[in-house]
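Here is the file data-v7.pdb (PDB, C-alpha atoms, pLDDT in the B column).
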ATOM      1  CA  MET A 112     104.826  94.291  80.820  1.00 54.00           C
ATOM      2  CA  LYS A 113     102.614  94.821  77.742  1.00 52.00           C
ATOM      3  CA  ASP A 114     101.309  91.715  75.966  1.00 52.00           C
ATOM      4  CA  LEU A 115     103.352  91.190  72.809  1.00 55.00           C
ATOM      5  CA  LYS A 116     101.573  88.034  71.604  1.00 53.00           C
ATOM      6  CA  ILE A 117     102.287  87.242  67.976  1.00 54.00           C
ATOM      7  CA  ASN A 118      99.823  86.390  65.214  1.00 57.00           C
ATOM      8  CA  ASN A 119      99.798  83.413  62.891  1.00 55.00           C
ATOM      9  CA  HIS A 120     101.835  84.238  59.764  1.00 53.00           C
ATOM     10  CA  ALA A 121     103.317  82.079  57.007  1.00 51.00           C
ATOM     11  CA  VAL A 122     106.822  82.632  58.387  1.00 64.00           C
ATOM     12  CA  THR A 123     108.850  80.863  61.042  1.00 81.00           C
ATOM     13  CA  LEU A 124     108.169  81.490  64.682  1.00 86.00           C
ATOM     14  CA  VAL A 125     111.599  83.019  65.153  1.00 87.00           C
ATOM     15  CA  ASP A 126     110.931  85.415  62.259  1.00 87.00           C
ATOM     16  CA  GLN A 127     107.670  86.456  63.902  1.00 89.00           C
ATOM     17  CA  VAL A 128     109.408  87.057  67.225  1.00 89.00           C
ATOM     18  CA  GLU A 129     112.078  89.137  65.492  1.00 87.00           C
ATOM     19  CA  GLU A 130     109.426  91.227  63.725  1.00 88.00           C
ATOM     20  CA  ARG A 131     107.418  91.749  66.919  1.00 89.00           C
ATOM     21  CA  LEU A 132     110.500  92.810  68.861  1.00 89.00           C
ATOM     22  CA  LEU A 133     111.336  95.395  66.212  1.00 87.00           C
ATOM     23  CA  ASP A 134     107.791  96.757  66.562  1.00 87.00           C
ATOM     24  CA  TYR A 135     108.235  96.834  70.336  1.00 86.00           C
ATOM     25  CA  PHE A 136     111.478  98.836  70.051  1.00 86.00           C
ATOM     26  CA  ALA A 137     109.798 101.385  67.777  1.00 85.00           C
ATOM     27  CA  GLU A 138     106.528 101.630  69.733  1.00 87.00           C
ATOM     28  CA  ASN A 139     108.402 102.322  72.965  1.00 85.00           C
ATOM     29  CA  ASN A 140     110.864 104.739  71.337  1.00 86.00           C
ATOM     30  CA  LEU A 141     113.832 102.667  72.467  1.00 84.00           C
ATOM     31  CA  HIS A 142     117.236 103.887  71.303  1.00 84.00           C
ATOM     32  CA  SER A 143     120.909 103.119  71.670  1.00 83.00           C
ATOM     33  CA  GLY A 144     121.610 102.514  75.373  1.00 85.00           C
ATOM     34  CA  SER A 145     118.019 101.603  76.257  1.00 87.00           C
ATOM     35  CA  GLN A 146     117.770  98.635  78.614  1.00 90.00           C
ATOM     36  CA  LEU A 147     115.572  95.721  77.547  1.00 90.00           C
ATOM     37  CA  PRO A 148     113.421  93.466  79.722  1.00 90.00           C
ATOM     38  CA  ASN A 149     115.080  90.180  80.648  1.00 90.00           C
ATOM     39  CA  GLU A 150     114.581  86.988  78.637  1.00 90.00           C
ATOM     40  CA  PHE A 151     111.942  85.616  80.982  1.00 90.00           C
ATOM     41  CA  GLN A 152     109.813  88.773  80.716  1.00 90.00           C
ATOM     42  CA  LEU A 153     110.151  88.970  76.939  1.00 90.00           C
ATOM     43  CA  ALA A 154     109.377  85.286  76.395  1.00 90.00           C
ATOM     44  CA  GLU A 155     106.304  85.533  78.615  1.00 89.00           C
ATOM     45  CA  ALA A 156     105.062  88.687  76.891  1.00 88.00           C
ATOM     46  CA  LEU A 157     105.544  87.073  73.465  1.00 89.00           C
ATOM     47  CA  GLY A 158     104.043  83.768  74.523  1.00 90.00           C
ATOM     48  CA  VAL A 159     106.988  81.737  73.194  1.00 90.00           C
ATOM     49  CA  ALA A 160     109.645  79.459  74.649  1.00 90.00           C
ATOM     50  CA  ARG A 161     112.876  81.092  75.755  1.00 90.00           C
ATOM     51  CA  SER A 162     114.781  78.993  73.227  1.00 90.00           C
ATOM     52  CA  VAL A 163     112.816  80.657  70.408  1.00 90.00           C
ATOM     53  CA  LEU A 164     113.366  84.092  71.895  1.00 91.00           C
ATOM     54  CA  ARG A 165     117.101  83.449  72.288  1.00 90.00           C
ATOM     55  CA  GLU A 166     117.430  82.560  68.605  1.00 90.00           C
ATOM     56  CA  ALA A 167     115.750  85.829  67.632  1.00 88.00           C
ATOM     57  CA  LEU A 168     117.925  87.786  70.061  1.00 88.00           C
ATOM     58  CA  SER A 169     121.038  86.087  68.700  1.00 87.00           C
ATOM     59  CA  ARG A 170     120.209  87.511  65.276  1.00 82.00           C
ATOM     60  CA  PHE A 171     120.086  90.997  66.738  1.00 82.00           C
ATOM     61  CA  LYS A 172     123.396  90.412  68.503  1.00 82.00           C
ATOM     62  CA  MET A 173     125.019  89.251  65.264  1.00 74.00           C
ATOM     63  CA  MET A 174     123.830  92.449  63.583  1.00 71.00           C
ATOM     64  CA  GLY A 175     125.200  94.549  66.433  1.00 74.00           C
ATOM     65  CA  MET A 176     121.773  95.740  67.571  1.00 82.00           C
ATOM     66  CA  ILE A 177     121.898  94.225  71.059  1.00 85.00           C
ATOM     67  CA  GLU A 178     124.684  93.540  73.519  1.00 86.00           C
ATOM     68  CA  THR A 179     124.814  92.219  77.059  1.00 85.00           C
ATOM     69  CA  ARG A 180     126.425  94.481  79.634  1.00 83.00           C
ATOM     70  CA  THR A 181     127.483  93.708  83.179  1.00 80.00           C
ATOM     71  CA  ARG A 182     124.792  94.604  85.751  1.00 79.00           C
ATOM     72  CA  ARG A 183     122.532  96.056  83.058  1.00 80.00           C
ATOM     73  CA  GLY A 184     121.588  92.993  81.062  1.00 86.00           C
ATOM     74  CA  MET A 185     120.584  93.472  77.435  1.00 89.00           C
ATOM     75  CA  VAL A 186     120.745  96.941  75.917  1.00 90.00           C
ATOM     76  CA  LEU A 187     120.149  98.285  72.438  1.00 87.00           C
ATOM     77  CA  THR A 188     123.241  99.458  70.588  1.00 83.00           C
ATOM     78  CA  GLU A 189     123.675 101.607  67.520  1.00 71.00           C
ATOM     79  CA  ARG A 190     124.724  99.288  64.742  1.00 65.00           C
ATOM     80  CA  THR A 191     126.676 100.588  61.791  1.00 60.00           C
ATOM     81  CA  LEU A 192     124.821 100.789  58.503  1.00 55.00           C
ATOM     82  CA  LEU A 193     126.929  98.134  56.783  1.00 61.00           C
ATOM     83  CA  GLY A 194     127.783  95.963  59.778  1.00 58.00           C
ATOM     84  CA  PRO A 195     125.430  93.092  58.811  1.00 57.00           C
ATOM     85  CA  MET A 196     127.162  92.870  55.411  1.00 60.00           C
ATOM     86  CA  LYS A 197     130.534  91.848  56.834  1.00 60.00           C
ATOM     87  CA  LYS A 198     129.804  88.133  57.142  1.00 58.00           C
ATOM     88  CA  GLY A 199     128.318  87.827  53.656  1.00 57.00           C
ATOM     89  CA  LEU A 200     130.818  89.847  51.628  1.00 66.00           C
ATOM     90  CA  SER A 201     133.524  87.252  51.196  1.00 72.00           C
ATOM     91  CA  PRO A 202     135.013  86.210  47.818  1.00 80.00           C
ATOM     92  CA  ASN A 203     134.247  82.541  48.441  1.00 78.00           C
ATOM     93  CA  MET A 204     130.553  83.353  49.009  1.00 80.00           C
ATOM     94  CA  LEU A 205     130.017  85.569  45.949  1.00 84.00           C
ATOM     95  CA  ASN A 206     130.175  84.923  42.227  1.00 88.00           C
ATOM     96  CA  ASP A 207     132.354  86.962  39.876  1.00 89.00           C
ATOM     97  CA  ASP A 208     129.485  89.079  38.537  1.00 90.00           C
ATOM     98  CA  THR A 209     128.441  90.168  42.030  1.00 90.00           C
ATOM     99  CA  MET A 210     131.996  91.098  42.965  1.00 91.00           C
ATOM    100  CA  ILE A 211     132.411  93.066  39.741  1.00 92.00           C
ATOM    101  CA  ASP A 212     129.187  94.942  40.549  1.00 92.00           C
ATOM    102  CA  ILE A 213     130.725  95.806  43.932  1.00 91.00           C
ATOM    103  CA  LEU A 214     133.836  97.052  42.131  1.00 93.00           C
ATOM    104  CA  GLY A 215     131.653  99.336  40.011  1.00 94.00           C
ATOM    105  CA  PHE A 216     129.864 100.604  43.101  1.00 93.00           C
ATOM    106  CA  ARG A 217     133.183 101.345  44.776  1.00 93.00           C
ATOM    107  CA  ILE A 218     134.371 103.357  41.741  1.00 94.00           C
ATOM    108  CA  ALA A 219     131.141 105.371  41.646  1.00 94.00           C
ATOM    109  CA  LEU A 220     131.461 106.141  45.356  1.00 92.00           C
ATOM    110  CA  GLU A 221     135.032 107.326  45.122  1.00 93.00           C
ATOM    111  CA  ILE A 222     134.367 109.562  42.142  1.00 94.00           C
ATOM    112  CA  GLY A 223     131.317 110.907  43.941  1.00 94.00           C
ATOM    113  CA  ILE A 224     133.186 112.038  47.066  1.00 95.00           C
ATOM    114  CA  CYS A 225     135.443 114.528  45.248  1.00 95.00           C
ATOM    115  CA  GLU A 226     133.515 117.534  46.557  1.00 95.00           C
ATOM    116  CA  ASN A 227     133.711 116.244  50.137  1.00 95.00           C
ATOM    117  CA  ILE A 228     137.443 115.659  49.859  1.00 97.00           C
ATOM    118  CA  PHE A 229     138.159 119.217  48.733  1.00 97.00           C
ATOM    119  CA  SER A 230     135.799 120.646  51.355  1.00 96.00           C
ATOM    120  CA  ASN A 231     137.421 118.752  54.222  1.00 96.00           C
ATOM    121  CA  ILE A 232     141.078 118.236  53.348  1.00 97.00           C
ATOM    122  CA  THR A 233     143.669 119.783  55.680  1.00 97.00           C
ATOM    123  CA  PRO A 234     147.454 120.298  55.508  1.00 96.00           C
ATOM    124  CA  ASN A 235     147.853 117.341  57.870  1.00 96.00           C
ATOM    125  CA  ASP A 236     145.818 115.175  55.495  1.00 96.00           C
ATOM    126  CA  LEU A 237     148.096 116.160  52.623  1.00 97.00           C
ATOM    127  CA  GLN A 238     151.127 115.256  54.717  1.00 96.00           C
ATOM    128  CA  ASP A 239     149.621 111.851  55.498  1.00 95.00           C
ATOM    129  CA  LEU A 240     148.913 111.200  51.823  1.00 96.00           C
ATOM    130  CA  GLU A 241     152.425 112.270  50.903  1.00 95.00           C
ATOM    131  CA  LYS A 242     153.881 109.768  53.382  1.00 93.00           C
ATOM    132  CA  ILE A 243     151.678 107.017  51.969  1.00 93.00           C
ATOM    133  CA  VAL A 244     152.763 107.817  48.404  1.00 93.00           C
ATOM    134  CA  LYS A 245     156.460 107.863  49.349  1.00 90.00           C
ATOM    135  CA  MET A 246     156.157 104.496  51.102  1.00 87.00           C
ATOM    136  CA  SER A 247     154.094 102.904  48.338  1.00 79.00           C
ATOM    137  CA  GLU A 248     155.402 100.053  46.240  1.00 70.00           C
ATOM    138  CA  VAL A 249     154.473 100.671  42.621  1.00 69.00           C
ATOM    139  CA  GLY A 250     154.908  98.020  39.966  1.00 67.00           C
ATOM    140  CA  GLU A 251     154.699  98.020  36.205  1.00 70.00           C
ATOM    141  CA  ASN A 252     151.674  99.735  34.684  1.00 67.00           C
ATOM    142  CA  ASN A 253     150.900 101.642  37.852  1.00 70.00           C
ATOM    143  CA  GLU A 254     150.167  98.512  39.906  1.00 78.00           C
ATOM    144  CA  TYR A 255     150.186  98.958  43.687  1.00 80.00           C
ATOM    145  CA  ASN A 256     150.525  96.249  46.269  1.00 80.00           C
ATOM    146  CA  ALA A 257     147.468  95.640  48.429  1.00 80.00           C
ATOM    147  CA  ILE A 258     148.741  97.606  51.451  1.00 84.00           C
ATOM    148  CA  SER A 259     149.654 100.712  49.434  1.00 86.00           C
ATOM    149  CA  GLU A 260     146.385 100.653  47.506  1.00 89.00           C
ATOM    150  CA  PHE A 261     144.290 100.268  50.635  1.00 89.00           C
ATOM    151  CA  ALA A 262     146.191 102.915  52.637  1.00 90.00           C
ATOM    152  CA  PHE A 263     145.883 105.627  49.976  1.00 93.00           C
ATOM    153  CA  HIS A 264     142.210 105.164  49.170  1.00 93.00           C
ATOM    154  CA  SER A 265     141.230 104.625  52.807  1.00 92.00           C
ATOM    155  CA  LYS A 266     142.769 107.992  53.595  1.00 94.00           C
ATOM    156  CA  LEU A 267     140.668 109.606  50.859  1.00 95.00           C
ATOM    157  CA  TYR A 268     137.537 108.042  52.339  1.00 93.00           C
ATOM    158  CA  GLN A 269     138.522 109.276  55.777  1.00 93.00           C
ATOM    159  CA  ILE A 270     139.032 112.818  54.468  1.00 95.00           C
ATOM    160  CA  ALA A 271     135.579 112.726  52.864  1.00 94.00           C
ATOM    161  CA  GLY A 272     134.185 112.411  56.386  1.00 91.00           C
ATOM    162  CA  ASN A 273     131.602 109.716  55.725  1.00 85.00           C
ATOM    163  CA  LYS A 274     131.909 106.808  58.165  1.00 83.00           C
ATOM    164  CA  SER A 275     129.698 104.500  56.118  1.00 83.00           C
ATOM    165  CA  ILE A 276     131.893 104.921  53.044  1.00 84.00           C
ATOM    166  CA  SER A 277     135.001 104.215  55.129  1.00 83.00           C
ATOM    167  CA  GLU A 278     133.324 101.128  56.549  1.00 81.00           C
ATOM    168  CA  PHE A 279     132.427  99.969  53.046  1.00 84.00           C
ATOM    169  CA  GLN A 280     136.071 100.279  51.984  1.00 83.00           C
ATOM    170  CA  ASN A 281     137.094  98.041  54.872  1.00 81.00           C
ATOM    171  CA  ILE A 282     134.394  95.466  54.167  1.00 82.00           C
ATOM    172  CA  ILE A 283     135.211  95.064  50.468  1.00 86.00           C
ATOM    173  CA  ARG A 284     138.997  95.023  50.846  1.00 87.00           C
ATOM    174  CA  ASN A 285     139.281  91.252  50.357  1.00 86.00           C
ATOM    175  CA  ILE A 286     136.973  91.398  47.349  1.00 89.00           C
ATOM    176  CA  MET A 287     139.058  94.085  45.644  1.00 90.00           C
ATOM    177  CA  GLU A 288     142.245  92.093  46.224  1.00 90.00           C
ATOM    178  CA  TYR A 289     140.595  88.949  44.884  1.00 91.00           C
ATOM    179  CA  ILE A 290     139.413  90.699  41.709  1.00 92.00           C
ATOM    180  CA  LYS A 291     142.872  92.137  41.036  1.00 90.00           C
ATOM    181  CA  ASP A 292     144.455  88.694  41.372  1.00 91.00           C
ATOM    182  CA  ARG A 293     141.691  86.850  39.530  1.00 91.00           C
ATOM    183  CA  PHE A 294     141.785  89.108  36.449  1.00 92.00           C
ATOM    184  CA  HIS A 295     145.388  90.258  36.637  1.00 91.00           C
ATOM    185  CA  GLU A 296     146.252  89.353  33.040  1.00 91.00           C
ATOM    186  CA  LEU A 297     143.225  91.156  31.642  1.00 92.00           C
ATOM    187  CA  PHE A 298     143.971  94.271  33.688  1.00 93.00           C
ATOM    188  CA  TYR A 299     147.542  94.168  32.390  1.00 91.00           C
ATOM    189  CA  LYS A 300     146.373  94.082  28.754  1.00 93.00           C
ATOM    190  CA  ILE A 301     143.933  96.953  29.311  1.00 94.00           C
ATOM    191  CA  ALA A 302     146.664  99.031  30.967  1.00 92.00           C
ATOM    192  CA  ILE A 303     148.919  98.528  27.932  1.00 92.00           C
ATOM    193  CA  GLU A 304     146.097  99.671  25.645  1.00 93.00           C
ATOM    194  CA  ILE A 305     145.436 102.794  27.720  1.00 93.00           C
ATOM    195  CA  LYS A 306     149.120 103.743  27.810  1.00 90.00           C
ATOM    196  CA  GLN A 307     149.205 103.905  24.012  1.00 91.00           C
ATOM    197  CA  THR A 308     146.971 106.989  24.045  1.00 92.00           C
ATOM    198  CA  THR A 309     146.828 108.328  27.622  1.00 90.00           C
ATOM    199  CA  PRO A 310     149.267 108.255  30.559  1.00 89.00           C
ATOM    200  CA  LEU A 311     148.140 106.164  33.535  1.00 90.00           C
ATOM    201  CA  VAL A 312     147.203 108.266  36.575  1.00 93.00           C
ATOM    202  CA  SER A 313     149.116 107.310  39.726  1.00 93.00           C
ATOM    203  CA  HIS A 314     148.522 108.060  43.402  1.00 94.00           C
ATOM    204  CA  LYS A 315     151.300 110.610  43.112  1.00 94.00           C
ATOM    205  CA  ASP A 316     149.427 112.363  40.295  1.00 95.00           C
ATOM    206  CA  LEU A 317     146.239 112.459  42.374  1.00 96.00           C
ATOM    207  CA  LEU A 318     148.150 113.871  45.319  1.00 97.00           C
ATOM    208  CA  GLU A 319     149.580 116.669  43.171  1.00 97.00           C
ATOM    209  CA  TYR A 320     146.080 117.767  42.157  1.00 97.00           C
ATOM    210  CA  LEU A 321     145.056 117.757  45.821  1.00 97.00           C
ATOM    211  CA  GLN A 322     148.104 119.764  46.828  1.00 97.00           C
ATOM    212  CA  ALA A 323     147.373 122.309  44.091  1.00 97.00           C
ATOM    213  CA  GLY A 324     143.716 122.590  45.137  1.00 96.00           C
ATOM    214  CA  ASP A 325     142.739 121.740  41.551  1.00 97.00           C
ATOM    215  CA  LYS A 326     139.312 120.167  42.045  1.00 96.00           C
ATOM    216  CA  GLU A 327     138.377 119.885  38.377  1.00 96.00           C
ATOM    217  CA  GLY A 328     141.763 118.424  37.510  1.00 97.00           C
ATOM    218  CA  TYR A 329     141.406 115.908  40.333  1.00 97.00           C
ATOM    219  CA  LYS A 330     137.927 114.848  39.172  1.00 96.00           C
ATOM    220  CA  LYS A 331     139.229 114.072  35.698  1.00 96.00           C
ATOM    221  CA  ALA A 332     142.306 112.370  37.127  1.00 96.00           C
ATOM    222  CA  ILE A 333     140.394 110.076  39.505  1.00 96.00           C
ATOM    223  CA  GLU A 334     138.155 108.984  36.633  1.00 95.00           C
ATOM    224  CA  GLN A 335     141.246 108.222  34.562  1.00 95.00           C
ATOM    225  CA  HIS A 336     142.805 106.439  37.549  1.00 94.00           C
ATOM    226  CA  PHE A 337     139.916 103.967  37.485  1.00 95.00           C
ATOM    227  CA  GLN A 338     139.793 103.703  33.690  1.00 94.00           C
ATOM    228  CA  ILE A 339     141.300 100.206  33.721  1.00 94.00           C
ATOM    229  CA  TYR A 340     138.484  98.937  35.931  1.00 94.00           C
ATOM    230  CA  ARG A 341     135.786 100.749  33.997  1.00 94.00           C
ATOM    231  CA  ILE A 342     136.943  99.293  30.677  1.00 95.00           C
ATOM    232  CA  PHE A 343     137.145  95.873  32.319  1.00 95.00           C
ATOM    233  CA  ILE A 344     133.561  96.126  33.611  1.00 95.00           C
ATOM    234  CA  GLN A 345     132.274  97.298  30.224  1.00 93.00           C
ATOM    235  CA  ARG A 346     133.935  94.423  28.420  1.00 91.00           C
ATOM    236  CA  ARG A 347     132.514  91.910  30.859  1.00 89.00           C
ATOM    237  CA  LYS A 348     129.022  93.271  30.131  1.00 87.00           C
ATOM    238  CA  GLU A 349     129.617  93.059  26.373  1.00 86.00           C
ATOM    239  CA  GLU A 350     130.806  89.462  26.710  1.00 82.00           C
ATOM    240  CA  GLN A 351     127.687  88.513  28.645  1.00 80.00           C
ATOM    241  CA  LYS A 352     125.432  90.086  25.992  1.00 80.00           C
ATOM    242  CA  SER A 353     127.141  88.123  23.247  1.00 76.00           C
ATOM    243  CA  THR A 354     126.796  84.757  24.993  1.00 69.00           C
TER     244      THR A 354
END
Could you render the structure from this file as structure tokens?
Amino acid sequence: MKDLKINNHAVTLVDQVEERLLDYFAENNLHSGSQLPNEFQLAEALGVARSVLREALSRFKMMGMIETRTRRGMVLTERTLLGPMKKGLSPNMLNDDTMIDILGFRIALEIGICENIFSNITPNDLQDLEKIVKMSEVGENNEYNAISEFAFHSKLYQIAGNKSISEFQNIIRNIMEYIKDRFHELFYKIAIEIKQTTPLVSHKDLLEYLQAGDKEGYKKAIEQHFQIYRIFIQRRKEEQKST
């Protein structure tokens, strides 16, 4: 096997092994399903102890890049784009500002997939959304319980046909629920303010635009649907500037 000896860098030995292995995968055009040399061969080629190699390999396994299969040993796997984020995106590991940034990113994504939704939506999709709306529990000021909220918007992401966006929705679910609980009173006040001039847009309203094939109406409606969050984010920014 080719010599993979590492150079002296101002990083840990495990980091160097990880970097050299990534180079090896690329140089040899390895792809999902490609079988890797065993630990003994890799450690020898790298000139490191197997314990160091195993720590580097464990990082790849945690990211979903490598898995061990019966009779084949280690093989490369196709990791999802956002897979490595799952362990770090937890409310107890992030501060409020970071989670609010994620909320803003989520809003921008959902507004941005309008074209995809109207290009891909089918009668069966509309039926699924209708069932979700009928089963939804809606509270005062257009507040949905966590299950209803997640089911409706997850279906929209699915219709858009982008797996990474759907994965993102799953990853941030706990964060969205935390934000709604954490700032519930503020959201309530903003909703009251909005209702004085503009009706709140419900899931049922969004569905009606989809059923009518009214793309422009839907775009305006989805922006209004998220108006509570957008006002909330803007006010948080203004508060930070003033402090």
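Interatomic distance, CA of Leu141 in chain A against CA of Leu157 in chain A: 17.7 Å.
The space separating CA of Leu205 in chain A from CA of Ile344 in chain A comes to 16.6 Å.
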- Just how far from CA of Ser145 in chain A is CA of Val186 in chain A, in Å to one decimal?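 Atom-to-atom, CA of Val186 in chain A and CA of Ser145 in chain A are spaced 5.4 Å apart.
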- Query: Contacts of range 210-226 of chain A at 8 Å or less, counting all atoms listed in the file, minus same-chain residues fewer than 3 places along, as number ranges by chain?
  - Reply: A: 202, 205-207, 229-230, 268, 271, 276, 280, 283, 286-287, 290, 326, 329-330, 333-334, 337, 340-341, 344
Would you save the residues from that selection as an mmCIF file, keeping the file's coordinate frame, using C-alpha atoms?
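This is the output file result_30.cif:
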data_model
loop_
_atom_site.group_PDB
_atom_site.id
_atom_site.type_symbol
_atom_site.label_atom_id
_atom_site.label_comp_id
_atom_site.auth_asym_id
_atom_site.auth_seq_id
_atom_site.Cartn_x
_atom_site.Cartn_y
_atom_site.Cartn_z
ATOM 1 C CA PRO A 202 135.013 86.210 47.818
ATOM 2 C CA LEU A 205 130.017 85.569 45.949
ATOM 3 C CA ASN A 206 130.175 84.923 42.227
ATOM 4 C CA ASP A 207 132.354 86.962 39.876
ATOM 5 C CA PHE A 229 138.159 119.217 48.733
ATOM 6 C CA SER A 230 135.799 120.646 51.355
ATOM 7 C CA TYR A 268 137.537 108.042 52.339
ATOM 8 C CA ALA A 271 135.579 112.726 52.864
ATOM 9 C CA ILE A 276 131.893 104.921 53.044
ATOM 10 C CA GLN A 280 136.071 100.279 51.984
ATOM 11 C CA ILE A 283 135.211 95.064 50.468
ATOM 12 C CA ILE A 286 136.973 91.398 47.349
ATOM 13 C CA MET A 287 139.058 94.085 45.644
ATOM 14 C CA ILE A 290 139.413 90.699 41.709
ATOM 15 C CA LYS A 326 139.312 120.167 42.045
ATOM 16 C CA TYR A 329 141.406 115.908 40.333
ATOM 17 C CA LYS A 330 137.927 114.848 39.172
ATOM 18 C CA ILE A 333 140.394 110.076 39.505
ATOM 19 C CA GLU A 334 138.155 108.984 36.633
ATOM 20 C CA PHE A 337 139.916 103.967 37.485
ATOM 21 C CA TYR A 340 138.484 98.937 35.931
ATOM 22 C CA ARG A 341 135.786 100.749 33.997
ATOM 23 C CA ILE A 344 133.561 96.126 33.611
#
- Message: Restricting the calculation to all atoms listed in the file: of A:Gln127, A:Ser277, A:Asn231, A:Ser265, which residue gets closest to Ile243 in chain A?
- Response: A:Ser265
Test item: axis-aligned box, all listed atoms of range 337-343 of chain A, 4 Å on each side, centre and edges in Å rounded to one decimal, as AutoDock Vina command-line options:
--center_x 138.5 --center_y 99.9 --center_z 34.1 --size_x 13.5 --size_y 16.1 --size_z 14.8
- In terms of the shortest atom-to-atom distance over all atoms listed in the file, which of A:Thr181, A:Thr188, A:Gln307, A:Ser169 is closest to His142 in chain A?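 For His142 in chain A, the nearest of the given residues is A:Thr188.
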- Show which residues sit within 8 Å of Ser247 in chain A, as JSON, numbers by chain. Count only C-alpha atoms, and ignore same-chain residues fewer than 6 positions away. {"A": [255, 256, 259]}
- So which residues touch range 299-304 of chain A within 10 Å, counting all atoms listed in the file, skipping near sequence neighbours fewer than 6 positions away, as a VMD selection string? chain A and resid 251 to 254 310 to 311 338 to 340 342 to 343
